[in-house]
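Enquirer: The following block contains the structure, expressed as structure tokens.
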Amino acid sequence: MDNFEQFFTENRLKLDVEPLPEGFNNQMIANFRAVRRKKQTIRLFAAAGFLLLLVPGIMLLQPFFKPEPVALQESPSSAELSILTRLQPYQTEIESSTQFISQQRVPTEYSVQFQDFLIQLQIIDRQQDIYQKQIDSYGYTEDMIQQIMYNYELKLMVLQKLQTEILKINKLSKTTNHEYTNIQLEI
Amino acid sequence: MLGNRQDAEDVLQDAMIQAYTNLKSLKSVESFGPWMKRIVINQCLHFIRGRLNFADLQLVNTPGESDETDYYQFSMEELNSTIQQLPDGCRIVFNLYLLENYSHKEVAEMLGISESTSKSQYQRARQLLQHQLKKKMNHG
């Protein structure tokens with residue numbers, strides 16, 4: 001590198017008559033990021049707006065797109081029979097378990113321990129009522145059957161736990177000399 | 001590089017749009033300077049390519065000349081103004097090679113010329129610049 005090149009190489013930045021202001025690069029990056037954020041916000045609002053339009057749209061169109069009932073128009077009785085056959089085992093078991101529990105008497109002092117179970121059962125029954133209303137309006141759908149079966153399984157599980165708890169408490173109360181007043185659980 | 005403030009402002013604006021559009025290609029904040037510089041230079045080249053007289057970029061003979069000039073006696077404004085007076089073709093090669101630190105190979109690729117043309121144009125710019133500065137020195 002000769003004298004000429006050395007001079008211009010060393011002074012290349014000074015040759016800018018109007019040098020960039022201090023922090024120019026940082027400011028540019030900040031501006032770019034602001035633009036990117038703005039774009040992201042616009043996309044977010046667009047998506048939110050789309051959803052806001054979509055949800056009421058679906059709700060408005062819902063009456064026109066009722067879920068297809070499983071019950072075949074040609075042979076409703078056979079379809080219903082098939083559904084009932086699938087649900088029957090659950091119903092029988094629930095009935096049997098409920099009957100057993102309702103015949104049990106538990107010490108009044110321990111009745112609080114059963115409250116949680118009873119609340120859970122109430123919630124499950126309320127859910128069953130909701131399903132029933134939908135069945136009344138739209139008939140059975142495969143999805144609905146699955147949900148009812150799941151609800152039945154849940155109810156059976158709670159009933160079995162409750163049953164175990166009752167037996168445990170009753171066994172415990174018999175081992176003590178204390179005289180308990182017993183009550184029947186309102187199930 | 002463009003020798004005209006208005007053109008430079010227009011090109012800078014285009015470069016900004018290019019940068020916004022291609023922001024994803026910026027790999028890290030640290031490389032922002034060189035990345036932006038490359039975009040601006042590319043925009044400048046795109047701008048001048050249409051009006052650049054490629055006849056200017058023909059091979060020229062460059063006889064060697066000893067140089068004992070003290071360039072520090074000139075102000076930066078004087079030097080800058082002398083560079084601006086160089087013909088477009090060789091001024092751009094001079095700017096890219098010496099001031100922007102690109103190799104002759106890169107300059108050749110950018111301008112679509114051969115490497116030897118880039119070298120000869122640089123030599124031409126250098127001679128013209130030295131000649132002009134010597135003239136100023138003698139008159140001053």
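The chains in the structure tokens are called A, B, ... from first to last as shown; in each chain the residues are counted from 1, and the ligands are counted from 1 in the order shown.
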For chain B, which residues have at least one atom within 6 Å of chain A, if we go by only C-alpha atoms? Write them as a ChimeraX atom specification, please.
Expert: /B:76,80,99
Enquirer: Save the residues we just selected, all heavy atoms, as a short mmCIF file (atom, residue, chain, number, x, y, z; two decimals), in the first residue's frame?
Expert:
```
data_model
loop_
_atom_site.label_atom_id
_atom_site.label_comp_id
_atom_site.auth_asym_id
_atom_site.auth_seq_id
_atom_site.Cartn_x
_atom_site.Cartn_y
_atom_site.Cartn_z
N MET B 76 -10.69 17.83 3.96
CA MET B 76 -11.52 16.71 3.54
C MET B 76 -12.56 17.15 2.52
O MET B 76 -12.92 16.41 1.61
CB MET B 76 -12.20 16.05 4.74
CG MET B 76 -11.25 15.31 5.65
SD MET B 76 -10.37 13.99 4.78
CE MET B 76 -8.86 13.88 5.72
N ASN B 80 -12.96 15.61 -1.09
CA ASN B 80 -14.27 15.06 -1.44
C ASN B 80 -14.78 15.67 -2.73
O ASN B 80 -15.29 14.96 -3.61
CB ASN B 80 -15.23 15.33 -0.28
CG ASN B 80 -16.41 14.39 -0.33
OD1 ASN B 80 -16.26 13.23 -0.67
ND2 ASN B 80 -17.58 14.91 -0.04
N LEU B 99 -12.59 3.35 -0.84
CA LEU B 99 -13.31 3.92 0.31
C LEU B 99 -14.25 2.91 0.97
O LEU B 99 -14.45 2.95 2.17
CB LEU B 99 -14.09 5.17 -0.12
CG LEU B 99 -13.24 6.26 -0.78
CD1 LEU B 99 -14.07 7.49 -1.10
CD2 LEU B 99 -12.05 6.66 0.12
#
```
Enquirer: Give me, as a VMD selection string, all polymer residues having an atom no more than 12 Å from Asn4 in chain B, counting only C-alpha atoms and skipping those fewer than 3 positions away in the same chain.
Expert: chain B and resid 1 7 to 11 44 48 81 84 to 85 88
Enquirer: Name all residues at most 6 Å from range 96-105 of chain A (count only C-alpha atoms; drop same-chain ones fewer than 3 positions away) and give them as a PyMOL selection string.
Expert: chain A and resi 93+182-184
Enquirer: Using N, CA, C and O atoms, can you export the residues from the last selection as a PDB file, in the first residue's frame?
Expert:
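part-v8.pdb written:
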```
ATOM      1  N   GLU A  93     -75.159 -50.325  35.866  1.00  0.00           N
ATOM      2  CA  GLU A  93     -74.148 -50.292  36.926  1.00  0.00           C
ATOM      3  C   GLU A  93     -74.352 -49.082  37.842  1.00  0.00           C
ATOM      4  O   GLU A  93     -74.214 -49.180  39.070  1.00  0.00           O
ATOM      5  N   ASN A 182     -76.863 -42.426  63.054  1.00  0.00           N
ATOM      6  CA  ASN A 182     -76.628 -42.633  61.622  1.00  0.00           C
ATOM      7  C   ASN A 182     -77.673 -41.930  60.757  1.00  0.00           C
ATOM      8  O   ASN A 182     -78.831 -41.807  61.160  1.00  0.00           O
ATOM      9  N   ILE A 183     -77.223 -41.517  59.610  1.00  0.00           N
ATOM     10  CA  ILE A 183     -78.153 -40.911  58.657  1.00  0.00           C
ATOM     11  C   ILE A 183     -77.985 -41.583  57.287  1.00  0.00           C
ATOM     12  O   ILE A 183     -76.979 -42.250  57.040  1.00  0.00           O
ATOM     13  N   GLN A 184     -78.940 -41.316  56.474  1.00  0.00           N
ATOM     14  CA  GLN A 184     -78.873 -41.846  55.113  1.00  0.00           C
ATOM     15  C   GLN A 184     -78.384 -40.721  54.173  1.00  0.00           C
ATOM     16  O   GLN A 184     -78.817 -39.572  54.332  1.00  0.00           O
TER      17      GLN A 184
END
```
Enquirer: Find the residue from B:Tyr102, B:Tyr71, B:Tyr97, B:Phe47 that sits nearest to Leu2 in chain B; use only C-alpha atoms when measuring.
Expert: B:Phe47
Enquirer: Please extract the residues of chain B with a backbone DSSP assignment of alpha helix (DSSP H) and present them as a PyMOL selection string.
Expert: chain B and resi 5-21+32-49+76-84+88-94+104-111+115-139
Enquirer: Find the spatial neighbours of Tyr131 in chain A, counting only C-alpha atoms, within a cut-off of 10 Å - ignore same-chain residues fewer than 6 positions away - and output them as number ranges by chain.
Expert: A: 125, 137, 140, 144-145, 147-148, 151
Enquirer: What's around Arg91 in chain B at 12 Å? Count only C-alpha atoms, leave out sequence neighbours fewer than 2 positions away in its own chain, and write the answer as a PyMOL selection string.
Expert: chain B and resi 1-3+48+52+56-57+80-89+93-99+118+120-129
Enquirer: Smallest atom-to-atom distance to Ile94 in chain A: which of A:Leu44, A:Val158, A:Ile123, A:Leu54, using only C-alpha atoms?
Expert: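 Answer, going by the shortest atom-to-atom distance: A:Val158.
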Enquirer: Applying 8 Å and only C-alpha atoms, which residues near Leu111 in chain B remain after dropping the ones on its own chain fewer than 4 positions away? List them as a list in words.
Expert: Leu45, Arg49 and Val107 of chain B
Enquirer: Could you please determine the separation between CA of Leu60 in chain A and CA of Asp136 in chain A in Å, to one decimal place?
Expert: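 Value for the CA of Leu60 in chain A-CA of Asp136 in chain A distance: 20.5 Å.
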Enquirer: Find, counting only C-alpha atoms, the residue in A:Leu52, A:Met59, A:Ile83, A:Phe117 that gets nearest to Met157 in chain A.
Expert: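 Using only C-alpha atoms, Met157 in chain A sits closest to A:Phe117.
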